[in-house]
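The structure appears below as structure tokens.
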Amino acid sequence: DRLQCICFTDDYEPTHPAIRERFTILRHWYFSHLHASHPFDAILYELGNNTLHAYMLPYLERYPGIVDLHDFSILGLFQHLTRFWGWWPEFQRWYEREAIVSGHRISNSNGLETADPLQLPMTHFIVSRNKAIITHSQWLLDRIKDMTAAATIATHIPLGVDLGMVQLKRPPREDLRRKYHLTRNAFVIACVGVANRLKRLPEVLAAFRAFNLVYPESHLVFVGPADRLVLRQLTQMSAAWRIKNRLRWLGHRPLSELYEVLDLCDVVVNLRFPTMGESSATLMAALGMGKPTLVTPLGQYADIPDDAVLKIPTGRREQRALYDAFCELHENPQGALQIGARAREFAVACSYHRIAMCYEGVLFQVASRQNGHTTSTQSFPNEDAS
């Protein structure tokens with residue numbers, strides 16, 4: 001029989017044309033009725049530490065399925081819901097089950113605000129009761145192994161890369177730079193994705209300031225939505241250092257423009273500390289575009305070969321390491337090209353087609369399993385696998 005998929009969303013429309021063309025898209029409140037009348041063979045949840053995923057929580061309680069877990073901890077989601085949506089009673093219900101395995105005790109909302117996301121991830125209940133857990137890094141898979149039930153399928157499937165977007169024909173680089181008000185011969189460093197407090201952006205800006213003193217024809221570009229406090233801090237720093245004219249704040253952009261920025265830039269910075277194993281689609285896009293990328297050598301970044309990225313250690317020497325990396329990539333363009341080529345090679349192995357086959361395997365395994373009693377822990381197939 002032909003595989004039929006229905007995509008249930010909150011009150012929004014998916015933007016990717018492939019989703020709109022290939023899936024029936026319904027609002028989530030239709031799910032329970034449809035599932036009761038014609039039960040689905042498999043249910044796949046895309047769960048991350050973001051309020052956009054809040055509508056899934058009641059369904060996760062009632063309908064175990066496959067959870068594509070984007071973050072080790074979703075404590076931040078519960079903190080936001082409690083702070084702004086009045087979710088304290090709902091949090092207490094979730095927390096009673098979480099505390100059994102975590103050993104923590106929270107008696108009021110103040111305790112919730114100060115809780116450690118690593119010590120109280122709020123994912124124990126979800127991981128322990130669902131049929132399969134998919135992670136996008138080996139680090140996250142290792143973190144949740146002790147939380148899974150005996151019959152739970154736990155597997156690592158990397159984030160995919162849209163090779164169609166990577167290979168899309170775009171205007172020449174000089175035209176793209178003109179479009180975004182960048183000088184033709186400038187050395188362009190890009191921070192792509194959500195600008196939040198974990199991305200080490202003040203350290204990036206401080207390193208860029210030192211780099212710009214040596215190489216005045218350089219720009220630092222930020223593309224993606226920004227946390228308002230982080231944006232205020234970076235704006236104040238750039239004004240105090242008199243480098244605002246060397247920065248570009250592009251904000252949230254359509255997917256096509258995000259790839260244009262990746263095309264025109266020379267270096268991408270994608271740091272994160274502390275880490276909760278967060279998946280980064282923008283990182284995979286940068287690698288797919290063959291850009292030398294700076295990452296933090298922790299958590300999920302360990303999956304990327306050392307010769308495909310530049311790994312910047314945290315700590316006292318972080319700013320200096322960033323500055324040295326900027327200088328090295330600027331002064332050795334051939335070396336930068338070699339790093340970018342290895343990055344592209346790594347990313348191409350994670351094409352959407354290949355990743356989709358991995359998801360398909362988990363979906364059919366869950367759908368066909370009748371009475372599973374053994375733990376099945378899988379990993380992303382090696383390069384020889386089809």
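Chain identifiers are assigned as A, B, and so on, following the order in which chains appear in the structure tokens; residues are numbered from 1 within each chain, and ligands are numbered from 1 in order of appearance.
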Region 267-383 of chain A: which residues are helix (DSSP H, G or I) by DSSP, as JSON, numbers by chain?
{"A": [281, 282, 283, 284, 285, 286, 287, 288, 299, 300, 301, 302, 303, 318, 319, 320, 321, 322, 323, 324, 325, 326, 327, 328, 329, 330, 331, 333, 334, 335, 336, 337, 338, 339, 340, 341, 342, 343, 344, 345, 346, 347, 348, 352, 353, 354, 355, 356, 357, 358, 359, 360, 361, 362, 363, 364, 365, 366, 367, 368]}
Take the residues just selected and output them with C-alpha atoms as a PDB file, in the first residue's frame.
ATOM      1  CA  ALA A 281      20.203  23.042  10.702  1.00  0.00           C
ATOM      2  CA  THR A 282      22.117  26.225   9.847  1.00  0.00           C
ATOM      3  CA  LEU A 283      25.386  24.498  10.736  1.00  0.00           C
ATOM      4  CA  MET A 284      24.620  21.635   8.374  1.00  0.00           C
ATOM      5  CA  ALA A 285      23.661  24.141   5.676  1.00  0.00           C
ATOM      6  CA  ALA A 286      26.996  25.942   6.129  1.00  0.00           C
ATOM      7  CA  LEU A 287      28.922  22.676   5.889  1.00  0.00           C
ATOM      8  CA  GLY A 288      26.923  21.697   2.822  1.00  0.00           C
ATOM      9  CA  GLY A 299      28.625  17.675  22.726  1.00  0.00           C
ATOM     10  CA  GLN A 300      27.023  17.319  19.318  1.00  0.00           C
ATOM     11  CA  TYR A 301      29.987  18.953  17.544  1.00  0.00           C
ATOM     12  CA  ALA A 302      32.093  15.881  18.309  1.00  0.00           C
ATOM     13  CA  ASP A 303      30.315  14.090  15.444  1.00  0.00           C
ATOM     14  CA  GLU A 318      38.439  31.509  23.430  1.00  0.00           C
ATOM     15  CA  GLN A 319      38.645  35.058  22.053  1.00  0.00           C
ATOM     16  CA  ARG A 320      42.274  34.627  21.077  1.00  0.00           C
ATOM     17  CA  ALA A 321      41.502  31.316  19.377  1.00  0.00           C
ATOM     18  CA  LEU A 322      38.711  33.002  17.400  1.00  0.00           C
ATOM     19  CA  TYR A 323      41.015  35.836  16.362  1.00  0.00           C
ATOM     20  CA  ASP A 324      43.740  33.398  15.309  1.00  0.00           C
ATOM     21  CA  ALA A 325      41.231  31.366  13.297  1.00  0.00           C
ATOM     22  CA  PHE A 326      39.971  34.474  11.498  1.00  0.00           C
ATOM     23  CA  CYS A 327      43.550  35.451  10.650  1.00  0.00           C
ATOM     24  CA  GLU A 328      44.490  31.949   9.520  1.00  0.00           C
ATOM     25  CA  LEU A 329      41.506  31.620   7.195  1.00  0.00           C
ATOM     26  CA  HIS A 330      42.059  35.111   5.773  1.00  0.00           C
ATOM     27  CA  GLU A 331      45.788  34.654   5.193  1.00  0.00           C
ATOM     28  CA  PRO A 333      42.620  30.969   1.436  1.00  0.00           C
ATOM     29  CA  GLN A 334      43.827  27.665  -0.018  1.00  0.00           C
ATOM     30  CA  GLY A 335      43.717  26.076   3.419  1.00  0.00           C
ATOM     31  CA  ALA A 336      40.228  27.529   3.931  1.00  0.00           C
ATOM     32  CA  LEU A 337      39.102  25.932   0.667  1.00  0.00           C
ATOM     33  CA  GLN A 338      40.439  22.549   1.785  1.00  0.00           C
ATOM     34  CA  ILE A 339      38.556  22.743   5.092  1.00  0.00           C
ATOM     35  CA  GLY A 340      35.415  23.752   3.200  1.00  0.00           C
ATOM     36  CA  ALA A 341      35.794  20.823   0.802  1.00  0.00           C
ATOM     37  CA  ARG A 342      36.009  18.361   3.708  1.00  0.00           C
ATOM     38  CA  ALA A 343      33.005  20.046   5.327  1.00  0.00           C
ATOM     39  CA  ARG A 344      31.004  19.603   2.136  1.00  0.00           C
ATOM     40  CA  GLU A 345      32.046  15.957   1.896  1.00  0.00           C
ATOM     41  CA  PHE A 346      30.821  15.330   5.436  1.00  0.00           C
ATOM     42  CA  ALA A 347      27.524  17.136   4.823  1.00  0.00           C
ATOM     43  CA  VAL A 348      26.759  15.480   1.493  1.00  0.00           C
ATOM     44  CA  TYR A 352      17.894  14.441   2.729  1.00  0.00           C
ATOM     45  CA  HIS A 353      17.504  11.315   0.609  1.00  0.00           C
ATOM     46  CA  ARG A 354      19.851   9.275   2.775  1.00  0.00           C
ATOM     47  CA  ILE A 355      18.464  10.639   6.030  1.00  0.00           C
ATOM     48  CA  ALA A 356      14.904   9.968   4.871  1.00  0.00           C
ATOM     49  CA  MET A 357      15.734   6.285   4.417  1.00  0.00           C
ATOM     50  CA  CYS A 358      16.915   6.148   8.024  1.00  0.00           C
ATOM     51  CA  TYR A 359      13.654   7.704   9.240  1.00  0.00           C
ATOM     52  CA  GLU A 360      11.684   5.318   7.067  1.00  0.00           C
ATOM     53  CA  GLY A 361      13.453   2.374   8.694  1.00  0.00           C
ATOM     54  CA  VAL A 362      12.474   3.553  12.192  1.00  0.00           C
ATOM     55  CA  LEU A 363       8.893   4.292  11.145  1.00  0.00           C
ATOM     56  CA  PHE A 364       8.377   0.844   9.665  1.00  0.00           C
ATOM     57  CA  GLN A 365      10.140  -0.856  12.572  1.00  0.00           C
ATOM     58  CA  VAL A 366       7.791   0.796  15.060  1.00  0.00           C
ATOM     59  CA  ALA A 367       4.724   0.204  12.889  1.00  0.00           C
ATOM     60  CA  SER A 368       5.469  -3.483  12.438  1.00  0.00           C
TER      61      SER A 368
END
Quick one: everything within 7 Å of region 195-207 of chain A, counting only C-alpha atoms, minus sequence neighbours fewer than 3 positions away in the same chain. Send it as a VMD selection string.
chain A and resid 210 to 211 224 to 227 230 234 270 to 274 319 to 320 322 to 323
Using DSSP assignments from the backbone, pull out every residue in region 193-230 of chain A that falls under strand (DSSP E) and give it to me as an MDAnalysis selection string.
chainID A and resid 218:223
10 Å contact set for Lys131 (chain A), only C-alpha atoms, chain neighbours under 2 positions out, as a compact mmCIF listing (two decimals) with N, CA, C and O atoms, in the first residue's frame:
# COMPACT_ATOMS: atom_id res chain seq x y z
N ALA A 42 2.05 4.83 12.86
CA ALA A 42 3.19 5.42 13.57
C ALA A 42 2.95 6.91 13.73
O ALA A 42 2.36 7.56 12.86
N ILE A 43 3.38 7.44 14.87
CA ILE A 43 3.25 8.86 15.17
C ILE A 43 4.65 9.41 15.41
O ILE A 43 5.39 8.88 16.25
N PRO A 64 1.83 7.60 22.86
CA PRO A 64 3.26 7.30 22.67
C PRO A 64 3.56 7.04 21.19
O PRO A 64 2.74 6.48 20.46
N GLY A 65 4.73 7.47 20.77
CA GLY A 65 5.13 7.29 19.38
C GLY A 65 6.64 7.37 19.23
O GLY A 65 7.39 6.88 20.08
N ILE A 66 7.06 8.00 18.17
CA ILE A 66 8.48 8.23 17.89
C ILE A 66 8.78 9.69 18.16
O ILE A 66 8.12 10.57 17.61
N VAL A 67 9.76 9.96 19.00
CA VAL A 67 10.12 11.33 19.32
C VAL A 67 11.47 11.67 18.69
O VAL A 67 12.48 11.04 19.01
N ILE A 126 9.18 11.65 28.85
CA ILE A 126 8.95 11.52 27.40
C ILE A 126 9.80 10.38 26.83
O ILE A 126 9.32 9.53 26.08
N VAL A 127 11.07 10.37 27.19
CA VAL A 127 11.97 9.35 26.65
C VAL A 127 11.59 7.96 27.14
O VAL A 127 11.63 6.98 26.38
N SER A 128 11.19 7.85 28.39
CA SER A 128 10.95 6.53 28.98
C SER A 128 9.66 5.88 28.50
O SER A 128 9.53 4.66 28.56
N ARG A 129 8.70 6.66 28.01
CA ARG A 129 7.39 6.07 27.69
C ARG A 129 7.12 5.98 26.19
O ARG A 129 6.08 5.45 25.81
N ILE A 133 13.13 6.79 20.12
CA ILE A 133 13.73 8.12 20.28
C ILE A 133 14.80 8.28 19.21
O ILE A 133 15.71 7.44 19.09
N THR A 148 15.80 5.38 28.64
CA THR A 148 14.87 4.66 27.77
C THR A 148 14.37 3.38 28.43
O THR A 148 15.07 2.76 29.23
N ALA A 149 13.15 2.96 28.06
CA ALA A 149 12.62 1.69 28.52
C ALA A 149 13.29 0.55 27.76
O ALA A 149 13.94 0.76 26.73
N ALA A 150 13.09 -0.66 28.25
CA ALA A 150 13.77 -1.82 27.67
C ALA A 150 13.43 -2.02 26.20
O ALA A 150 14.28 -2.42 25.40
N ALA A 151 12.18 -1.75 25.82
CA ALA A 151 11.75 -2.02 24.44
C ALA A 151 11.87 -0.81 23.53
O ALA A 151 11.51 -0.88 22.36
N THR A 152 12.38 0.29 24.06
CA THR A 152 12.46 1.51 23.26
C THR A 152 13.58 1.42 22.22
O THR A 152 14.69 0.99 22.52
N ILE A 153 13.27 1.83 21.01
CA ILE A 153 14.28 1.94 19.96
C ILE A 153 14.97 3.29 20.15
O ILE A 153 14.32 4.33 20.19
N ALA A 154 16.28 3.28 20.28
CA ALA A 154 17.04 4.53 20.41
C ALA A 154 18.06 4.58 19.28
O ALA A 154 18.87 3.66 19.14
N VAL A 366 8.78 0.55 14.00
CA VAL A 366 7.79 0.80 15.06
C VAL A 366 6.41 0.31 14.63
O VAL A 366 5.69 -0.31 15.41
N ALA A 367 6.05 0.59 13.37
CA ALA A 367 4.72 0.20 12.89
C ALA A 367 4.53 -1.31 12.87
O ALA A 367 3.43 -1.81 13.11
N ARG A 369 6.26 -3.57 14.72
CA ARG A 369 6.55 -4.27 15.98
C ARG A 369 5.26 -4.52 16.76
O ARG A 369 4.47 -3.61 16.97
N GLY A 372 7.52 -5.73 21.45
CA GLY A 372 8.97 -5.64 21.59
C GLY A 372 9.38 -5.78 23.04
O GLY A 372 8.79 -5.19 23.93
Between A:Asp263, A:Tyr45, A:Pro297, A:Ile25, single out the one closest to Pro171 (chain A), counting only C-alpha atoms.
A:Asp263
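Note that the spacing between CA of Arg253 (chain A) and CA of Leu294 (chain A) amounts to 21.9 Å.
Among A:Leu264, A:Val223, A:Met289, A:Ile157, the residue with the shortest atom-to-atom distance to Val192 (chain A), counting only C-alpha atoms, is A:Val223.
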If we count only C-alpha atoms and set the cut-off at 7 Å, which residues sit around region 236-249 of chain A, ignoring sequence neighbours fewer than 2 positions away in its own chain? Please answer as a PyMOL selection string.
chain A and resi 218-223+232-234+251
Kindly save the residues from that selection, with C-alpha atoms included, as an mmCIF file, in the first residue's frame.
data_model
loop_
_atom_site.group_PDB
_atom_site.id
_atom_site.type_symbol
_atom_site.label_atom_id
_atom_site.label_comp_id
_atom_site.auth_asym_id
_atom_site.auth_seq_id
_atom_site.Cartn_x
_atom_site.Cartn_y
_atom_site.Cartn_z
ATOM 1 C CA SER A 218 36.118 42.919 6.975
ATOM 2 C CA HIS A 219 32.479 42.556 7.942
ATOM 3 C CA LEU A 220 30.579 40.579 10.570
ATOM 4 C CA VAL A 221 27.069 39.561 9.474
ATOM 5 C CA PHE A 222 24.275 38.304 11.722
ATOM 6 C CA VAL A 223 21.330 36.590 10.046
ATOM 7 C CA ARG A 232 21.046 44.970 23.023
ATOM 8 C CA GLN A 233 24.371 43.782 24.423
ATOM 9 C CA LEU A 234 25.954 43.385 21.002
ATOM 10 C CA GLY A 251 17.356 39.522 11.153
#
I'd like the contact shell of region 11-13 of chain A - 8 Å cut-off, only C-alpha atoms, skipping same-chain residues fewer than 2 positions apart - returned as a PyMOL selection string.
chain A and resi 9+15+27
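Taking CA of Ile304 (chain A) and CA of Gln119 (chain A) as the two end points, the separation is 26.3 Å.
Take CA of Glu98 (chain A) and CA of Ser137 (chain A): the distance between them is 23.3 Å.
You can rank A:Phe125, A:Phe72, A:Tyr55, A:Phe78 by their closest distance to Glu96 (chain A) using only C-alpha atoms, and at the top of that list sits A:Phe125.
Comparing A:Trp29, A:Gly193, A:His136, A:Ala99 by their smallest distance to Leu255 (chain A), the closest is A:Gly193 (using only C-alpha atoms).
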